[in-house]
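Reviewing the structure listed below.
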Amino acid sequence: MLALGGSLTPAHADKVTRTAECQGDWLPGTPTAEDVMKGEISLVGLPPYKLGRKIDWGASPYKNRSWEYVFQSLRWMGTLVVAYENSGEEAYLDRATEIAKDWVAHNKRGARGTKSYVWKDHPVSLRTQPLLCLSRHVNESWLKDSLAEHAKLLADPRLYKKGHNHGMDQDIALMGIGCRYGRKDWSNLASSRLTGTVKLDVDSQGALMEQAPRYAVYVYGRLQVAITNMKACGRKVPSEIGKRAEALKDFIAHSTMPNGYMVPIGDGSAETEPKMETGTPKHEVKTYRAGYVFGRTAWGKPESAYYSIRFGPGLKFHGHEDHLGVTYYAQGRDILVDAGFHSYEKSSYRYWTLSPEAHNVPTVVGARFRPRTASKLVATRYGDDRQSFKLTDKAYGVSRTRSVLVNHGDDLMAVRDTASGGKKITNLWRFDHSLKLISKGDGKVVLGDGKFKVTLLQFGASCDRVGGQQVQRGGKLGWVSPTYLSKQPTNVVVSPAAKSLLTVIVPGTDSPKVSCSGKKLTVDGISIPTTAF
């Protein structure tokens with residue numbers, strides 16, 4: 001493969017004009033231009049793949065949908081054009097041109113041998129950027145014709161993903177082609193569609209409607225690109241786009257845990273760091289109509305407690321069946337976690353991670369789960385040192401109700417679950433994989449990691465201990481995916497069935513002091529109502 005050696009002088013690099021199409025943050029972290037020149041590319045965190053001089057455009061070495069989409073996006077080719085602009089070295093541009101021309105020749109839309117996913121909406125959108133970048137230095141008909149073919153698909157209303165981040169990418173791509181070649185019809189369409197999509201995807205509170213907070217970071221970044229491109233194209237930026245982009249920053253801040261990582265709800269990895277300036281919101285607790293409660297003890301303190309609660313519209317886009325579910329972080333540690341995001345592969349494990357069994361939720365015994373059921377937050381009470389919430393839905397045909405109380409300072413979470421019609425209920429509690437089972441018995445389960453301990457207690461409606469908890473590590477329920485394509489065993493506590501379950505999570509101890517008087521339970525001096533919060 002062609003390799004580059006030696007250093008380049010600034011004078012040489014200055015012979016090339018740096019363009020807006022190429023100079024941006026659209027490029028992936030891997031592979032580098034040097035990797036591509038060597039014929040080796042690493043995509044979506046998977047091992048390097050050897051391209052060879054003659055590229056197999058049907059390649060799918062890992063049978064991974066994300067790898068295929070990124071491969072067909074050609075952004076890795078775009079790194080060569082950017083390297084050419086920054087260095088002036090013609091070899092980069094020559095190889096980029098060779099790759100792009102070969103791609104165009106072997107990936108005709110609808111032709112035999114062209115994979116169907118090559119012309120799906122997202123690869124088309126993302127591929128536009130590197131091709132536009134290349135068009136600033138290569139003025140050939142095959143490239144212009146290919147971009148026109150891309151624009152036709154991007155403009156087709158039958159293929160438009162309205163109210164979704166893919167739709168935003170389609171608009172950004174279509175506007176780029178329209179501005180590049182003076183097609184105002186394309187630019188006008190992209191601008192008008194984008195406003196409608198942003199209003200659907202980001203509500204007036206700034207909450208992302210795709211049901212996975214980590215996508216808010218992606219959407220915010222793409223909106224900044226859209227705003228920049230509109231201005232560069234001499235277009236006025238619709239005020240609603242700017243407003244909602246700004247509101248997203250608060251949502252991102254609230255959905256980021258004290259350790260700097262975003263809470264992994266929906267298709268969200270536990271390794272996602274926003275890496276952007278959000279500012280500090282005015283309040284420690286925020287309820288979003290889109291279906292989230294986020295709360296913490298204080299801003300700017302890694303040891304702060306933090307919790308999330310899910311409700312709202314039924315599952316769509318990047319959501320999971322996690323309604324009434326909670327996560328909990330306290331004393332600098334993950335305590336209760338969701339199973340997380342594994343991948344977009346069509347596997348039984350992927351579909352399991354979407355299911356209620358992969359989340360900290362109540363289940364109605366003997367009733368069938370109804371997917372995509374909406375849930376409501378029906379009561380809230382805010383205090384500086386404690387907050388409480390009541391949620392309900394009919395995901396199992398009868399009303400299931402969950403009340404959540406979070407105490408700060410002396411950290412504690414209490415959750416009460418019931419179902420209507422005298423039905424019994426059970427629930428699941430997935431603990432962080434670092435926490436190992438220490439003991440269980442008499443309605444008490446202790447887990448720990450070194451000196452750190454956490455205790456789970458369960459009671460009935462009258463302070464009576466509810467025993468018989470089962471703990472699974474591995475098996476059908478005991479799994480978590482903290483990072484992309486990872487799968488680790490973890491401890492899941494499965495409660496016994498009861499008409500009323502009060503679960504108390506006490507971080508930092510294996511021996512909380514418990515007493516009961518009337519309808520009030522006291523745990524380490526913290527009073528908890530046994531019937532209603």
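Labels used: A, B, ... for chains in the order of the structure tokens, numbers from 1 for residues in each chain, and numbers from 1 for ligands as shown.
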Requested in this report: From the DSSP assignment of the backbone, select every residue of segment 329-390 of chain A that is strand (DSSP E), and format the answer as a list of chain:residue names.
Outcome: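 Going through segment 329-390 of chain A, the strand (DSSP E) residues come out as A:Tyr329, A:Ala330, A:Arg333, A:Asp334, A:Ile335, A:Leu336, A:Pro362, A:Thr363, A:Val364, A:Ser375, A:Lys376, A:Leu377, A:Val378, A:Ala379, A:Thr380, A:Arg381, A:Tyr382, A:Arg386, A:Gln387, A:Ser388, A:Phe389, A:Lys390.
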Could those residues be written to a file, using N, CA, C and O atoms, as a short mmCIF file (atom, residue, chain, number, x, y, z; two decimals), in the first residue's frame?
data_model
loop_
_atom_site.label_atom_id
_atom_site.label_comp_id
_atom_site.auth_asym_id
_atom_site.auth_seq_id
_atom_site.Cartn_x
_atom_site.Cartn_y
_atom_site.Cartn_z
N TYR A 329 -27.32 5.99 42.04
CA TYR A 329 -25.87 6.19 42.20
C TYR A 329 -25.69 6.91 43.52
O TYR A 329 -26.39 7.88 43.81
N ALA A 330 -24.79 6.43 44.37
CA ALA A 330 -24.60 7.08 45.66
C ALA A 330 -23.19 6.81 46.19
O ALA A 330 -22.59 5.77 45.90
N ARG A 333 -20.58 5.65 43.80
CA ARG A 333 -20.69 4.31 43.23
C ARG A 333 -22.00 4.12 42.47
O ARG A 333 -23.04 4.63 42.87
N ASP A 334 -21.95 3.35 41.38
CA ASP A 334 -23.17 2.86 40.76
C ASP A 334 -23.77 1.81 41.68
O ASP A 334 -23.07 0.87 42.11
N ILE A 335 -25.06 1.93 41.97
CA ILE A 335 -25.74 0.96 42.82
C ILE A 335 -26.72 0.14 41.96
O ILE A 335 -26.49 -1.03 41.69
N LEU A 336 -27.81 0.77 41.55
CA LEU A 336 -28.79 0.11 40.69
C LEU A 336 -28.59 0.57 39.25
O LEU A 336 -28.51 1.77 38.99
N PRO A 362 -41.33 -3.25 38.37
CA PRO A 362 -42.28 -4.19 38.96
C PRO A 362 -43.02 -4.97 37.88
O PRO A 362 -43.27 -4.46 36.79
N THR A 363 -43.37 -6.21 38.18
CA THR A 363 -44.09 -7.09 37.27
C THR A 363 -45.34 -7.62 37.96
O THR A 363 -45.27 -8.03 39.12
N VAL A 364 -46.46 -7.62 37.27
CA VAL A 364 -47.70 -8.16 37.83
C VAL A 364 -47.73 -9.67 37.59
O VAL A 364 -47.65 -10.12 36.44
N SER A 375 -46.95 5.42 30.40
CA SER A 375 -47.11 5.49 31.86
C SER A 375 -47.18 6.95 32.28
O SER A 375 -46.74 7.84 31.55
N LYS A 376 -47.73 7.17 33.49
CA LYS A 376 -47.94 8.55 33.96
C LYS A 376 -47.23 8.78 35.30
O LYS A 376 -47.18 7.90 36.15
N LEU A 377 -46.73 9.99 35.44
CA LEU A 377 -46.25 10.48 36.74
C LEU A 377 -47.43 11.25 37.34
O LEU A 377 -47.84 12.28 36.82
N VAL A 378 -48.01 10.73 38.42
CA VAL A 378 -49.25 11.29 38.94
C VAL A 378 -49.07 12.14 40.19
O VAL A 378 -50.00 12.86 40.60
N ALA A 379 -47.91 12.07 40.84
CA ALA A 379 -47.70 12.90 42.03
C ALA A 379 -46.21 13.12 42.24
O ALA A 379 -45.39 12.24 41.97
N THR A 380 -45.86 14.31 42.70
CA THR A 380 -44.47 14.64 43.03
C THR A 380 -44.43 15.46 44.30
O THR A 380 -45.37 16.20 44.62
N ARG A 381 -43.34 15.33 45.02
CA ARG A 381 -43.11 16.17 46.19
C ARG A 381 -41.61 16.44 46.27
O ARG A 381 -40.81 15.51 46.40
N TYR A 382 -41.25 17.71 46.15
CA TYR A 382 -39.85 18.10 46.17
C TYR A 382 -39.47 18.67 47.53
O TYR A 382 -40.20 19.51 48.08
N ARG A 386 -35.17 15.42 50.52
CA ARG A 386 -35.83 14.23 50.00
C ARG A 386 -36.88 14.60 48.98
O ARG A 386 -37.44 15.70 49.02
N GLN A 387 -37.09 13.70 48.03
CA GLN A 387 -38.13 13.87 47.02
C GLN A 387 -38.90 12.56 46.90
O GLN A 387 -38.38 11.48 47.18
N SER A 388 -40.17 12.66 46.49
CA SER A 388 -40.96 11.46 46.27
C SER A 388 -41.82 11.62 45.02
O SER A 388 -42.21 12.74 44.65
N PHE A 389 -42.10 10.48 44.39
CA PHE A 389 -42.81 10.46 43.11
C PHE A 389 -43.73 9.25 43.07
O PHE A 389 -43.41 8.20 43.62
N LYS A 390 -44.84 9.38 42.37
CA LYS A 390 -45.77 8.27 42.20
C LYS A 390 -46.07 8.11 40.72
O LYS A 390 -46.42 9.07 40.03
#
Query raised in the report: Could you write out, as JSON, numbers by chain, all the residues of segment 216-316 of chain A that DSSP marks as helix (DSSP H, G or I)?
Result: {"A": [216, 217, 218, 219, 220, 221, 222, 223, 224, 225, 226, 227, 228, 229, 230, 231, 232, 239, 240, 241, 242, 243, 244, 245, 246, 247, 248, 249, 250, 251, 252, 253, 254]}
Using C-alpha atoms, can you write the selected residues to a file as a PDB file, in the first residue's frame?
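Saved the output as part13.pdb:
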ATOM      1  CA  ALA A 216     -28.928  14.209  23.006  1.00  0.00           C
ATOM      2  CA  VAL A 217     -25.187  14.816  22.727  1.00  0.00           C
ATOM      3  CA  TYR A 218     -25.194  13.645  19.115  1.00  0.00           C
ATOM      4  CA  VAL A 219     -28.266  15.725  18.267  1.00  0.00           C
ATOM      5  CA  TYR A 220     -26.803  18.827  19.927  1.00  0.00           C
ATOM      6  CA  GLY A 221     -23.622  18.428  17.883  1.00  0.00           C
ATOM      7  CA  ARG A 222     -25.535  17.952  14.662  1.00  0.00           C
ATOM      8  CA  LEU A 223     -27.650  21.029  15.332  1.00  0.00           C
ATOM      9  CA  GLN A 224     -24.466  23.071  15.745  1.00  0.00           C
ATOM     10  CA  VAL A 225     -23.342  21.797  12.337  1.00  0.00           C
ATOM     11  CA  ALA A 226     -26.727  22.653  10.830  1.00  0.00           C
ATOM     12  CA  ILE A 227     -26.648  26.168  12.279  1.00  0.00           C
ATOM     13  CA  THR A 228     -23.099  26.754  11.033  1.00  0.00           C
ATOM     14  CA  ASN A 229     -23.931  25.446   7.560  1.00  0.00           C
ATOM     15  CA  MET A 230     -27.066  27.597   7.316  1.00  0.00           C
ATOM     16  CA  LYS A 231     -25.071  30.712   8.108  1.00  0.00           C
ATOM     17  CA  ALA A 232     -22.338  29.735   5.648  1.00  0.00           C
ATOM     18  CA  SER A 239     -35.207  30.769  15.978  1.00  0.00           C
ATOM     19  CA  GLU A 240     -36.850  27.536  17.158  1.00  0.00           C
ATOM     20  CA  ILE A 241     -33.781  25.518  16.160  1.00  0.00           C
ATOM     21  CA  GLY A 242     -31.469  27.734  18.217  1.00  0.00           C
ATOM     22  CA  LYS A 243     -33.812  27.699  21.224  1.00  0.00           C
ATOM     23  CA  ARG A 244     -34.149  23.947  21.345  1.00  0.00           C
ATOM     24  CA  ALA A 245     -30.451  23.383  20.811  1.00  0.00           C
ATOM     25  CA  GLU A 246     -29.765  25.558  23.854  1.00  0.00           C
ATOM     26  CA  ALA A 247     -32.427  23.771  25.914  1.00  0.00           C
ATOM     27  CA  LEU A 248     -30.768  20.443  25.102  1.00  0.00           C
ATOM     28  CA  LYS A 249     -27.745  21.479  27.176  1.00  0.00           C
ATOM     29  CA  ASP A 250     -29.779  21.434  30.395  1.00  0.00           C
ATOM     30  CA  PHE A 251     -31.183  18.016  29.515  1.00  0.00           C
ATOM     31  CA  ILE A 252     -27.680  16.687  28.903  1.00  0.00           C
ATOM     32  CA  ALA A 253     -26.478  18.118  32.215  1.00  0.00           C
ATOM     33  CA  HIS A 254     -29.358  16.567  34.179  1.00  0.00           C
TER      34      HIS A 254
END
Query raised in the report: With only C-alpha atoms as the basis for distance, which of A:Gly397, A:Gly113, A:Pro28, A:Gly234 is at the shortest distance from Leu74 of chain A?
Result: A:Pro28
Report task. Rounded to one decimal place, report the atom CA of Trp57 of chain A-atom CA of Ser87 of chain A distance in Å. Result ->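 Result for atom CA of Trp57 of chain A versus atom CA of Ser87 of chain A: 28.4 Å, one decimal.
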Query - Surrounding residues of Trp26 of chain A excluding itself and chain neighbours under 3 positions, 10 Å, only C-alpha atoms, as a PyMOL selection string - result: chain A and resi 21-23+29+75+78-79+126+129-130+221-222+225
Output file for the selection above: N, CA, C and O atoms, as a short mmCIF file (atom, residue, chain, number, x, y, z; two decimals), in the first residue's frame:
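The resulting file, out-v1.cif, is shown below:
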data_model
loop_
_atom_site.label_atom_id
_atom_site.label_comp_id
_atom_site.auth_asym_id
_atom_site.auth_seq_id
_atom_site.Cartn_x
_atom_site.Cartn_y
_atom_site.Cartn_z
N GLU A 21 -16.22 22.55 4.11
CA GLU A 21 -16.74 21.18 3.98
C GLU A 21 -15.81 20.15 4.62
O GLU A 21 -16.28 19.11 5.10
N CYS A 22 -14.52 20.43 4.62
CA CYS A 22 -13.56 19.46 5.15
C CYS A 22 -13.12 19.76 6.58
O CYS A 22 -12.82 18.83 7.35
N GLN A 23 -13.08 21.03 6.94
CA GLN A 23 -12.58 21.40 8.27
C GLN A 23 -13.73 21.46 9.26
O GLN A 23 -14.41 22.45 9.40
N GLY A 29 -12.93 9.29 15.14
CA GLY A 29 -11.62 9.24 15.79
C GLY A 29 -10.70 8.23 15.14
O GLY A 29 -9.48 8.39 15.11
N ARG A 75 -16.68 8.02 5.55
CA ARG A 75 -16.04 9.07 6.33
C ARG A 75 -14.55 8.77 6.52
O ARG A 75 -13.74 9.69 6.63
N GLY A 78 -12.81 10.27 3.87
CA GLY A 78 -12.72 11.72 4.05
C GLY A 78 -11.52 12.16 4.85
O GLY A 78 -11.04 13.29 4.69
N THR A 79 -11.00 11.28 5.72
CA THR A 79 -9.81 11.65 6.49
C THR A 79 -8.64 11.96 5.56
O THR A 79 -7.77 12.79 5.90
N LEU A 126 -24.61 10.40 5.81
CA LEU A 126 -23.24 10.54 6.31
C LEU A 126 -22.21 10.52 5.19
O LEU A 126 -21.16 11.16 5.30
N GLN A 129 -21.07 14.06 3.35
CA GLN A 129 -20.02 14.98 3.84
C GLN A 129 -18.65 14.69 3.22
O GLN A 129 -18.01 15.61 2.69
N PRO A 130 -18.14 13.47 3.27
CA PRO A 130 -16.84 13.23 2.64
C PRO A 130 -16.85 13.44 1.12
O PRO A 130 -15.84 13.90 0.55
N GLY A 221 -24.74 18.21 18.80
CA GLY A 221 -23.62 18.43 17.88
C GLY A 221 -24.07 18.62 16.45
O GLY A 221 -23.57 19.48 15.73
N ARG A 222 -25.05 17.83 16.03
CA ARG A 222 -25.54 17.95 14.66
C ARG A 222 -26.28 19.27 14.44
O ARG A 222 -26.21 19.86 13.36
N VAL A 225 -23.78 21.89 13.74
CA VAL A 225 -23.34 21.80 12.34
C VAL A 225 -24.39 22.42 11.42
O VAL A 225 -24.06 23.19 10.51
#
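What separates atom CA of Thr418 of chain A from atom CA of Asp464 of chain A is a distance of 15.6 Å.
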Requested in this report: Kindly indicate which residue among A:Val471, A:Ala367, A:Met413, A:Leu521 lies nearest to Leu447 of chain A, using only C-alpha atoms for the distances.
Outcome: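 Looking only at the distances to Leu447 of chain A, the closest residue turns out to be A:Val471.
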Query raised in the report: Leaving out Pro489 of chain A and any residue of its chain fewer than 4 positions from it, which residues lie within 6 Å of it when counting only C-alpha atoms, given as number ranges by chain?
Result: A: 473-474, 478-479
Using only C-alpha atoms, find each residue of segment 405-453 of chain A with at least one atom at most 10 Å away from an atom of segment 286-304 of chain A; report its shortest atom-to-atom pair and that distance in Å (one decimal), sort the rows by chain and rising residue number, and return the result as JSON lines.
{"residue": "A:Val406", "atom": "CA", "partner": "A:Gly295", "partner_atom": "CA", "distance": 9.0}
{"residue": "A:Asn407", "atom": "CA", "partner": "A:Thr297", "partner_atom": "CA", "distance": 9.0}
{"residue": "A:His408", "atom": "CA", "partner": "A:Thr297", "partner_atom": "CA", "distance": 6.0}
{"residue": "A:Gly409", "atom": "CA", "partner": "A:Thr297", "partner_atom": "CA", "distance": 7.5}
{"residue": "A:Asp411", "atom": "CA", "partner": "A:Thr297", "partner_atom": "CA", "distance": 9.2}
